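Structure data (compact mmCIF, C-alpha atoms) from protein-v3.txt:
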```txt
# COMPACT_ATOMS: atom_id res chain seq x y z
CA MET W 1 45.52 170.12 76.50
CA SER W 2 46.15 167.49 73.81
CA ASP W 3 48.45 164.51 74.37
CA ALA W 4 50.99 166.00 71.96
CA ALA W 5 50.93 169.33 73.78
CA GLU W 6 51.34 167.59 77.13
CA GLN W 7 54.37 165.70 75.80
CA VAL W 8 55.93 168.95 74.56
CA GLU W 9 55.27 170.60 77.92
CA GLU W 10 56.76 167.61 79.76
CA ARG W 11 59.88 167.66 77.60
CA SER W 12 60.24 171.40 78.15
CA ALA W 13 60.03 170.90 81.92
CA GLU W 14 62.69 168.18 81.76
CA GLU W 15 64.94 170.38 79.64
CA ARG W 16 64.53 173.29 82.05
CA LEU W 17 65.43 171.04 84.98
CA ARG W 18 68.52 169.76 83.15
CA GLU W 19 69.59 173.33 82.48
CA ARG W 20 69.02 174.28 86.12
CA ARG W 21 71.03 171.26 87.23
CA ARG W 22 73.91 172.18 84.91
CA ASP W 23 73.91 175.79 86.08
CA ALA W 24 73.62 174.75 89.73
CA LEU W 25 76.61 172.44 89.40
CA ARG W 26 78.71 175.13 87.78
CA GLY W 27 77.72 177.72 90.34
CA ALA W 28 77.86 175.59 93.48
CA ARG W 29 80.51 176.56 95.99
CA ARG W 30 80.57 173.12 97.57
CA VAL W 31 80.23 169.73 95.85
CA LEU W 32 81.55 166.27 96.61
CA TRP W 33 82.81 165.87 93.05
CA ARG W 34 82.99 168.37 90.25
CA GLY W 35 84.70 166.60 87.36
CA GLY W 36 84.85 167.80 83.79
CA LEU W 37 81.09 167.85 83.35
CA SER W 38 80.77 171.11 85.25
CA GLY W 39 83.37 173.00 83.22
CA THR W 40 82.86 175.06 80.09
CA ILE W 41 84.80 174.34 76.91
CA ARG W 42 87.00 177.37 77.62
CA GLN W 43 87.73 176.17 81.15
CA ARG W 44 88.58 172.64 80.08
CA LEU W 45 90.87 173.80 77.28
CA ALA W 46 92.61 176.26 79.58
CA SER W 47 93.13 173.58 82.20
CA LEU W 48 94.60 171.19 79.61
CA ALA W 49 96.89 173.89 78.19
CA GLU W 50 98.21 174.57 81.69
CA ALA W 51 98.78 170.93 82.64
CA ALA W 52 99.90 169.37 79.34
CA PRO W 53 103.54 170.59 79.45
CA GLU W 54 103.96 168.62 82.70
CA VAL W 55 103.33 165.31 80.92
CA TYR W 56 104.44 165.74 77.30
CA ASP W 57 106.50 168.00 75.04
CA VAL W 58 103.77 170.14 73.52
CA ASP W 59 106.22 171.62 71.01
CA GLU W 60 106.30 168.29 69.19
CA SER W 61 104.13 167.70 66.15
CA ALA W 62 100.58 166.53 66.74
CA ASP W 63 99.82 162.83 66.40
CA ILE W 64 98.82 161.30 63.09
CA TYR W 65 96.85 158.04 63.17
CA GLY W 66 98.13 156.99 66.57
CA ASN W 67 101.78 158.00 66.71
CA GLY W 68 103.40 160.64 68.92
CA VAL W 69 101.47 161.45 72.08
CA VAL W 70 99.00 158.59 71.51
CA ALA W 71 101.85 156.07 71.37
CA ALA W 72 103.34 157.60 74.51
CA LEU W 73 100.02 157.18 76.29
CA GLU W 74 99.78 153.55 75.20
CA GLU W 75 103.25 152.84 76.52
CA ARG W 76 102.45 154.51 79.84
CA VAL W 77 99.25 152.48 80.28
CA ALA W 78 101.00 149.19 79.48
CA THR W 79 103.64 149.99 82.09
CA VAL W 80 101.16 150.99 84.80
CA LEU W 81 99.08 147.84 84.24
CA GLY W 82 102.08 145.54 83.84
CA LYS W 83 101.07 144.37 80.36
CA GLU W 84 103.15 143.81 77.22
CA ALA W 85 101.28 146.39 75.16
CA ALA W 86 98.26 148.68 75.05
CA ALA W 87 96.16 150.27 72.32
CA PHE W 88 94.21 153.52 72.56
CA PHE W 89 90.51 153.44 71.62
CA PRO W 90 88.04 156.31 71.26
CA THR W 91 85.46 154.46 73.42
CA GLY W 92 85.38 151.64 75.91
CA THR W 93 82.49 150.00 74.09
CA MET W 94 84.69 149.57 71.04
CA ALA W 95 87.70 148.45 73.07
CA GLN W 96 85.81 145.67 74.81
CA GLN W 97 84.05 144.44 71.70
CA VAL W 98 87.38 144.21 69.91
CA ALA W 99 89.06 142.44 72.83
CA LEU W 100 86.34 139.84 73.19
CA ARG W 101 86.11 139.34 69.44
CA CYS W 102 89.85 138.71 69.26
CA TRP W 103 89.68 136.23 72.12
CA ALA W 104 86.77 134.42 70.46
CA GLY W 105 88.90 133.94 67.38
CA ARG W 106 91.68 132.47 69.48
CA THR W 107 89.52 130.17 71.61
CA GLY W 108 87.11 129.22 68.83
CA ASN W 109 84.20 129.94 71.18
CA PRO W 110 82.08 133.12 70.76
CA MET W 111 80.38 132.69 74.15
CA VAL W 112 81.22 135.37 76.75
CA ALA W 113 80.28 134.70 80.38
CA LEU W 114 79.44 137.86 82.30
CA HIS W 115 77.18 139.40 84.93
CA ALA W 116 73.61 140.39 84.10
CA LEU W 117 74.43 143.94 85.26
CA ALA W 118 77.66 144.18 83.26
CA HIS W 119 78.00 147.25 81.05
CA PRO W 120 77.59 145.40 77.71
CA GLU W 121 74.33 143.87 78.94
CA VAL W 122 72.79 147.07 80.32
CA HIS W 123 74.23 150.03 78.43
CA GLU W 124 75.37 148.95 74.96
CA ARG W 125 72.16 147.90 73.15
CA HIS W 126 73.29 144.28 72.80
CA ALA W 127 76.33 145.33 70.78
CA LEU W 128 78.33 142.19 71.57
CA ALA W 129 75.76 140.07 69.73
CA GLN W 130 74.46 142.57 67.18
CA VAL W 131 77.81 143.94 66.00
CA SER W 132 80.50 141.43 66.94
CA GLY W 133 78.70 138.11 66.61
CA LEU W 134 79.42 137.14 70.21
CA ARG W 135 77.04 135.30 72.52
CA PRO W 136 76.80 136.77 76.03
CA VAL W 137 75.61 134.41 78.78
CA ARG W 138 74.74 135.58 82.28
CA LEU W 139 76.38 133.89 85.23
CA THR W 140 74.24 135.65 87.85
CA GLY W 141 71.98 138.63 88.41
CA GLU W 142 72.78 139.04 92.10
CA PRO W 143 74.16 142.46 93.13
CA ARG W 144 77.70 141.11 93.54
CA LEU W 145 80.41 139.68 91.33
CA PRO W 146 80.04 136.05 90.17
CA THR W 147 81.38 133.42 92.57
CA ALA W 148 83.96 130.78 91.75
CA ASP W 149 81.27 128.10 91.91
CA GLU W 150 79.08 129.98 89.42
CA VAL W 151 82.03 130.32 87.07
CA ARG W 152 83.12 126.72 87.49
CA ASP W 153 79.66 125.09 87.34
CA PHE W 154 78.07 127.02 84.45
CA GLY W 155 76.28 124.55 82.21
CA GLU W 156 77.84 125.50 78.86
CA PRO W 157 81.42 126.00 77.66
CA TYR W 158 82.47 129.63 77.19
CA GLY W 159 85.56 131.09 75.64
CA ALA W 160 85.94 134.19 77.82
CA LEU W 161 84.95 135.36 81.27
CA MET W 162 84.39 139.11 81.54
CA LEU W 163 84.49 140.68 85.01
CA GLU W 164 83.50 144.31 85.58
CA LEU W 165 85.65 145.71 88.39
CA PRO W 166 83.97 147.42 90.14
CA LEU W 167 80.45 146.40 89.13
CA ARG W 168 78.86 149.80 88.74
CA ASP W 169 75.15 148.99 88.54
CA ALA W 170 75.34 146.86 91.68
CA GLY W 171 76.76 149.80 93.64
CA PHE W 172 80.41 149.92 92.50
CA VAL W 173 81.02 146.66 94.36
CA LEU W 174 84.12 144.49 94.34
CA PRO W 175 84.87 140.97 95.55
CA THR W 176 87.61 140.35 98.09
CA TRP W 177 91.07 139.65 96.71
CA GLU W 178 90.70 136.01 97.69
CA GLU W 179 87.32 135.76 95.94
CA LEU W 180 88.71 137.38 92.80
CA THR W 181 91.66 135.03 92.58
CA GLU W 182 89.35 132.03 93.10
CA VAL W 183 87.05 133.22 90.30
CA VAL W 184 90.00 133.62 87.93
CA GLU W 185 91.29 130.17 88.83
CA ALA W 186 87.82 128.71 88.20
CA ALA W 187 87.78 130.26 84.72
CA ARG W 188 91.21 128.82 83.98
CA GLU W 189 89.86 125.39 84.96
CA ARG W 190 87.26 125.90 82.22
CA ASP W 191 90.03 126.78 79.73
CA ALA W 192 88.54 130.26 79.42
CA VAL W 193 90.46 133.50 79.07
CA VAL W 194 89.76 136.28 81.57
CA HIS W 195 89.04 139.86 80.52
CA PHE W 196 88.59 142.70 83.01
CA ASP W 197 86.15 145.51 82.27
CA GLY W 198 88.33 147.87 84.26
CA ALA W 199 86.72 151.17 83.32
CA ARG W 200 87.14 152.08 86.99
CA LEU W 201 89.96 149.67 87.83
CA TRP W 202 92.13 152.64 88.78
CA GLU W 203 90.40 153.06 92.16
CA THR W 204 90.40 149.41 93.28
CA THR W 205 93.84 149.35 94.91
CA VAL W 206 92.63 150.38 98.39
CA HIS W 207 89.97 147.66 98.54
CA PHE W 208 92.23 144.93 97.19
CA GLY W 209 95.34 146.12 99.01
CA ARG W 210 97.36 145.45 95.87
CA PRO W 211 99.06 147.64 93.21
CA LEU W 212 97.45 148.05 89.82
CA ASP W 213 99.87 145.80 87.95
CA GLU W 214 99.19 142.93 90.37
CA ILE W 215 95.42 143.36 90.00
CA ALA W 216 95.58 143.60 86.21
CA GLY W 217 98.01 140.69 86.19
CA LEU W 218 95.19 138.29 87.07
CA ALA W 219 93.53 138.90 83.68
CA ASP W 220 94.61 138.06 80.15
CA SER W 221 93.42 141.49 78.99
CA VAL W 222 92.15 144.67 80.63
CA TYR W 223 90.17 147.66 79.39
CA VAL W 224 90.51 150.97 81.24
CA SER W 225 88.74 154.30 80.79
CA PHE W 226 90.35 157.72 80.90
CA TYR W 227 87.34 159.89 81.77
CA LYS W 228 85.44 157.97 84.45
CA SER W 229 88.06 158.29 87.20
CA LEU W 230 90.94 160.22 85.68
CA ASP W 231 88.86 163.17 84.44
CA GLY W 232 90.14 162.91 80.88
CA PHE W 233 88.15 164.19 77.93
CA ALA W 234 87.24 160.69 76.69
CA GLY W 235 88.94 157.56 75.44
CA ALA W 236 89.99 154.14 76.65
CA ALA W 237 92.78 151.62 76.32
CA LEU W 238 93.01 147.87 75.87
CA ALA W 239 96.06 146.24 77.46
CA GLY W 240 97.28 142.67 77.15
CA PRO W 241 99.66 140.42 75.20
CA LYS W 242 101.44 142.11 72.31
CA THR W 243 99.94 139.75 69.72
CA LEU W 244 96.41 140.45 70.96
CA VAL W 245 96.95 144.21 70.98
CA GLU W 246 98.33 144.15 67.44
CA GLU W 247 95.25 142.29 66.23
CA ALA W 248 93.08 144.72 68.20
CA ARG W 249 94.61 147.61 66.28
CA THR W 250 93.45 145.99 63.03
CA TRP W 251 89.91 145.61 64.34
CA ARG W 252 90.00 149.14 65.73
CA HIS W 253 90.55 150.34 62.16
CA ARG W 254 87.71 148.16 60.88
CA TYR W 255 85.36 149.47 63.57
CA GLY W 256 86.08 153.08 62.62
CA GLY W 257 88.32 153.89 65.57
CA MET W 258 91.40 154.92 63.58
CA ALA W 259 91.00 158.66 64.10
CA PHE W 260 93.32 161.07 62.29
CA GLN W 261 94.33 163.08 65.38
CA GLN W 262 93.53 162.51 69.03
CA PHE W 263 96.09 164.60 70.86
CA PRO W 264 93.65 166.55 73.10
CA THR W 265 92.15 163.33 74.43
CA ALA W 266 95.53 161.61 74.79
CA LEU W 267 97.03 164.61 76.58
CA SER W 268 94.09 164.79 78.99
CA ALA W 269 94.54 161.08 79.73
CA LEU W 270 98.25 161.57 80.47
CA VAL W 271 97.36 164.46 82.77
CA GLY W 272 94.86 162.22 84.56
CA LEU W 273 97.45 159.49 85.03
CA GLU W 274 99.87 162.06 86.44
CA ARG W 275 97.50 164.07 88.62
CA GLU W 276 94.40 162.05 89.47
CA LEU W 277 95.67 158.48 89.64
CA PRO W 278 97.91 159.09 92.69
CA ARG W 279 95.02 160.81 94.52
CA LEU W 280 92.39 158.11 94.00
CA PRO W 281 93.28 156.20 97.19
CA GLU W 282 92.70 159.42 99.15
CA TYR W 283 89.29 159.83 97.50
CA VAL W 284 88.38 156.23 98.35
CA ARG W 285 89.27 156.64 102.00
CA HIS W 286 87.35 159.90 102.30
CA ALA W 287 84.34 158.36 100.54
CA ARG W 288 84.06 156.07 103.55
CA VAL W 289 83.92 159.11 105.84
CA VAL W 290 81.23 160.69 103.66
CA ALA W 291 79.19 157.48 103.49
CA ALA W 292 79.20 157.06 107.26
CA ALA W 293 78.18 160.70 107.73
CA LEU W 294 75.32 160.31 105.24
CA ARG W 295 73.97 157.30 107.15
CA GLU W 296 74.19 159.15 110.45
CA GLY W 297 72.69 162.28 108.93
CA PHE W 298 69.61 160.50 107.60
CA THR W 299 69.09 158.78 110.94
CA GLU W 300 69.38 162.05 112.85
CA ALA W 301 67.03 163.75 110.37
CA GLY W 302 64.37 161.12 111.07
CA VAL W 303 64.18 159.56 107.60
CA ALA W 304 62.26 156.33 108.13
CA TRP W 305 64.29 154.33 105.61
CA ALA W 306 67.55 155.21 103.87
CA ARG W 307 70.44 153.15 102.60
CA VAL W 308 74.03 153.82 101.66
CA HIS W 309 75.32 150.94 99.54
CA PRO W 310 77.83 149.52 100.17
CA GLU W 311 77.82 150.68 103.79
CA GLU W 312 81.60 151.03 103.50
CA PRO W 313 82.27 151.98 99.87
CA HIS W 314 84.64 149.75 97.93
CA THR W 315 85.73 152.69 95.76
CA HIS W 316 85.19 156.45 95.82
CA GLN W 317 81.68 155.91 94.41
CA PHE W 318 78.59 154.40 95.99
CA GLN W 319 74.79 154.48 95.93
CA VAL W 320 72.28 156.30 98.12
CA TRP W 321 68.68 155.00 98.29
CA LEU W 322 65.80 157.08 99.67
CA PRO W 323 62.00 156.48 100.00
CA TYR W 324 60.88 159.28 97.68
CA ASP W 325 60.07 159.69 94.00
CA ALA W 326 63.08 160.35 91.79
CA ASP W 327 61.74 163.60 90.36
CA VAL W 328 61.09 165.00 93.84
CA LEU W 329 64.63 164.20 94.95
CA LEU W 330 66.19 165.71 91.84
CA GLU W 331 64.18 168.92 92.19
CA THR W 332 65.10 169.15 95.87
CA ALA W 333 68.79 168.58 95.21
CA VAL W 334 68.87 171.26 92.50
CA ARG W 335 66.92 173.72 94.65
CA GLN W 336 69.27 173.18 97.59
CA ALA W 337 72.24 173.95 95.34
CA GLU W 338 70.56 177.04 93.88
CA GLU W 339 69.61 178.46 97.27
CA THR W 340 72.60 177.49 99.42
CA GLY W 341 75.49 176.91 97.03
CA THR W 342 75.87 173.37 98.42
CA TYR W 343 75.16 170.59 95.94
CA LEU W 344 75.00 167.43 98.04
CA PHE W 345 73.54 165.01 95.49
CA ALA W 346 74.76 166.19 92.09
CA GLY W 347 73.88 163.01 90.20
CA TYR W 348 70.57 162.09 88.64
CA TRP W 349 68.04 160.09 90.65
CA ASP W 350 66.64 156.87 89.18
CA ARG W 351 63.54 154.94 90.17
CA GLY W 352 64.61 151.94 92.23
CA GLY W 353 61.19 150.46 93.00
CA PRO W 354 57.76 151.63 94.24
CA GLY W 355 58.39 154.81 96.19
CA LEU W 356 62.18 154.33 96.07
CA ALA W 357 64.93 156.14 94.19
CA LEU W 358 68.68 155.89 94.05
CA THR W 359 71.55 158.11 93.04
CA GLU W 360 75.28 157.64 92.67
CA VAL W 361 77.65 159.63 94.86
CA THR W 362 81.24 160.30 93.82
CA VAL W 363 83.85 161.77 96.16
CA GLY W 364 86.68 163.58 94.43
CA ALA W 365 89.11 166.39 95.15
CA ALA W 366 86.31 168.83 95.96
CA GLY W 367 84.85 166.37 98.45
CA LEU W 368 88.02 166.27 100.53
CA GLU W 369 87.04 169.66 101.94
CA TRP W 370 83.90 168.21 103.55
CA THR W 371 84.06 167.09 107.16
CA ALA W 372 81.59 164.54 108.54
CA ASP W 373 79.75 167.41 110.25
CA ASP W 374 79.52 169.28 106.94
CA VAL W 375 77.89 166.24 105.35
CA LYS W 376 75.39 165.80 108.18
CA ALA W 377 74.46 169.48 108.09
CA ALA W 378 73.82 169.26 104.34
CA VAL W 379 71.71 166.13 104.87
CA ALA W 380 69.63 167.88 107.54
CA ASP W 381 68.95 170.79 105.19
CA PHE W 382 68.14 168.45 102.30
CA VAL W 383 65.64 166.44 104.36
CA ALA W 384 64.05 169.59 105.72
CA ARG W 385 63.42 170.73 102.15
CA LEU W 386 61.86 167.36 101.33
CA SER W 387 59.58 167.64 104.33
CA GLY W 388 58.67 171.20 103.47
```

For this file, write the structure as structure tokens.
Amino acid sequence: MSDAAEQVEERSAEERLRERRRDALRGARRVLWRGGLSGTIRQRLASLAEAAPEVYDVDESADIYGNGVVAALEERVATVLGKEAAAFFPTGTMAQQVALRCWAGRTGNPMVALHALAHPEVHERHALAQVSGLRPVRLTGEPRLPTADEVRDFGEPYGALMLELPLRDAGFVLPTWEELTEVVEAARERDAVVHFDGARLWETTVHFGRPLDEIAGLADSVYVSFYKSLDGFAGAALAGPKTLVEEARTWRHRYGGMAFQQFPTALSALVGLERELPRLPEYVRHARVVAAALREGFTEAGVAWARVHPEEPHTHQFQVWLPYDADVLLETAVRQAEETGTYLFAGYWDRGGPGLALTEVTVGAAGLEWTADDVKAAVADFVARLSG
């Protein structure tokens, strides 16, 4: 077989596995988190049509360039986060670029201090520098948030400190409340503004033991996502001082984010704020039960090395590391779902080192039905399939 033919065959195998994974997720009777990814277009539209009248008058006219339901969503977000104003954005990438660009104009310094694993560094193709003319500098690459000393002692002046809360690629980790306040104070000592990448800020209240407005109140500006935790269709918001948000609206237009109508996305976000936001603390607490059961299950199943990180999750999401190849684990997880209707590890597996792979586990409403014994039984079956 030629190299080209092998590549085509390999792509076909990957596509078939993706299709199997999608079908397995839709058909599984038991999952820890289902989310919008498993629903069809018809199902998602039907769900929105049912829930929307609870959060907004759907007999009103649709929004036009950000009025109506979009404005109502912005007002709701500003209130929840305790900020003067908020602006809706189609993506978080755009929202954060605009926020940091606006702050650079105010401080006169385009340098943004952040973590090496922060979303703009890992997942946005260097957009801060390539599109917005900003200069990201990395405070640390350790799998934790930057410390106050690292913020205070960095060798160059920076205009903004960006903190991702939680830091997803390090395992959805958070600092303690005391550590976070010390980091913010250290940035203030450097005359830097503080911006929170709060895509998943919604679920941090249990770990910090503080309400959302108090958490967001530490930062000068905050970005939040509507689909990562709230199960909205898409979209994000930037919240902060009214003058900053007004300038952000101008840059949103320049960046191409001034969409004609966005009512389905805005409605789904309002539904998420109404339905999912109050339940997130329950998901976080149950994620700790699931994580402990996973650790015990792997030990009882005789897996030589396995890790749940963090051992006690900081949010309702965490990592699982196993000593197998990623493709083997993905195939096993899909096959378990196909044959038993239980989809234990519904996420993709990534290579984490020689002979190691990791996946992300999310515990949502569907996961509340799982007892610790249910989790351990699913682990035992999963490991048996690996061994077989």

Edge lengths and centre in Å to one decimal, as lines of an AutoDock Vina configuration file, of the axis-aligned box that encloses all listed atoms of segment 145-151 of chain W with 4 Å added on every side?
```
center_x = 81.5
center_y = 133.9
center_z = 89.8
size_x = 12.9
size_y = 19.6
size_z = 13.5
```

With all atoms listed in the file as the counted atoms, please give the residues lying no more than 8 Å from Ala287 of chain W, apart from itself and same-chain residues fewer than 3 positions off, as a list in words.
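Close residues of Ala287 of chain W: Tyr283, Val284, Val290, Ala291, Pro313, Thr315, His316, Gln317, Thr362 and Val363 of chain W.
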
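Closest approach to Thr40 of chain W among W:Gly364, W:Gly27, W:Gly171, W:Gly388 is made by W:Gly27 (distances from all atoms listed in the file).
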
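Using only C-alpha atoms, the protein and nucleic acid residues lying no more than 12 Å from Arg21 of chain W, apart from those fewer than 2 places from it along its own chain, are Glu14, Glu15, Arg16, Leu17, Arg18, Glu19, Asp23, Ala24, Leu25, Arg26, Gly27, Ala28, Leu37, Ser38, Leu330, Glu331, Thr332, Ala333, Val334, Arg335, Gln336, Ala337, Glu338, Tyr343, Phe345, Ala346, Gly347 and Tyr348 of chain W.
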
Counting only C-alpha atoms, find residues at most 10 Å from (92.6, 145.7, 99.0) (file frame) and give them as a list of chain:residue names.
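The residues near that point, listed by chain and number, are W:Leu174, W:Pro175, W:Thr176, W:Trp177, W:Glu178, W:Thr204, W:Thr205, W:Val206, W:His207, W:Phe208, W:Gly209, W:Arg210, W:Pro211, W:Ile215, W:His314.
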
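Considering the residues W:Lys83, W:Arg20, W:Arg34, W:Arg200 and counting all atoms listed in the file, Ala239 of chain W has its shortest atom-to-atom contact with W:Lys83.
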
Atom CA of Asp325 of chain W and atom CA of Trp349 of chain W, how far apart in Å?
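Going from atom CA of Trp349 of chain W over to atom CA of Asp325 of chain W covers 8.7 Å.
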
Shortest contact to Leu218 of chain W, candidates W:Leu81, W:Glu189, W:Leu73, W:Arg288, atoms counted all atoms listed in the file, goes to W:Leu81

Need to verify the contact set: His126 of chain W, 12 Å, only C-alpha atoms, exclusion of same-chain residues closer than 3 positions in sequence. Can you return it as a PDB file with C-alpha atoms, keeping the file's coordinate frame?
```
ATOM      1  CA  THR W  93      82.490 150.000  74.090  1.00  0.00           C
ATOM      2  CA  GLN W  97      84.050 144.440  71.700  1.00  0.00           C
ATOM      3  CA  ALA W 116      73.610 140.390  84.100  1.00  0.00           C
ATOM      4  CA  ALA W 118      77.660 144.180  83.260  1.00  0.00           C
ATOM      5  CA  HIS W 119      78.000 147.250  81.050  1.00  0.00           C
ATOM      6  CA  PRO W 120      77.590 145.400  77.710  1.00  0.00           C
ATOM      7  CA  GLU W 121      74.330 143.870  78.940  1.00  0.00           C
ATOM      8  CA  VAL W 122      72.790 147.070  80.320  1.00  0.00           C
ATOM      9  CA  HIS W 123      74.230 150.030  78.430  1.00  0.00           C
ATOM     10  CA  ALA W 129      75.760 140.070  69.730  1.00  0.00           C
ATOM     11  CA  GLN W 130      74.460 142.570  67.180  1.00  0.00           C
ATOM     12  CA  VAL W 131      77.810 143.940  66.000  1.00  0.00           C
ATOM     13  CA  SER W 132      80.500 141.430  66.940  1.00  0.00           C
ATOM     14  CA  GLY W 133      78.700 138.110  66.610  1.00  0.00           C
ATOM     15  CA  LEU W 134      79.420 137.140  70.210  1.00  0.00           C
ATOM     16  CA  ARG W 135      77.040 135.300  72.520  1.00  0.00           C
ATOM     17  CA  PRO W 136      76.800 136.770  76.030  1.00  0.00           C
ATOM     18  CA  VAL W 137      75.610 134.410  78.780  1.00  0.00           C
TER      19      VAL W 137
END
```

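Of the residues under consideration (W:Glu360, W:Glu296, W:Glu50, W:Glu247), W:Glu360 shows the shortest atom-to-atom contact distance to Arg168 of chain W when counting only C-alpha atoms.
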
Using only C-alpha atoms, determine which residues lie at most 12 Å from Pro264 of chain W, disregarding the query and same-chain residues fewer than 5 positions distant; provide the list as a VMD selection string.
chain W and resid 44 to 49 51 to 52 56 58 62 to 63 69 to 70 73 90 232 to 235 269 to 271
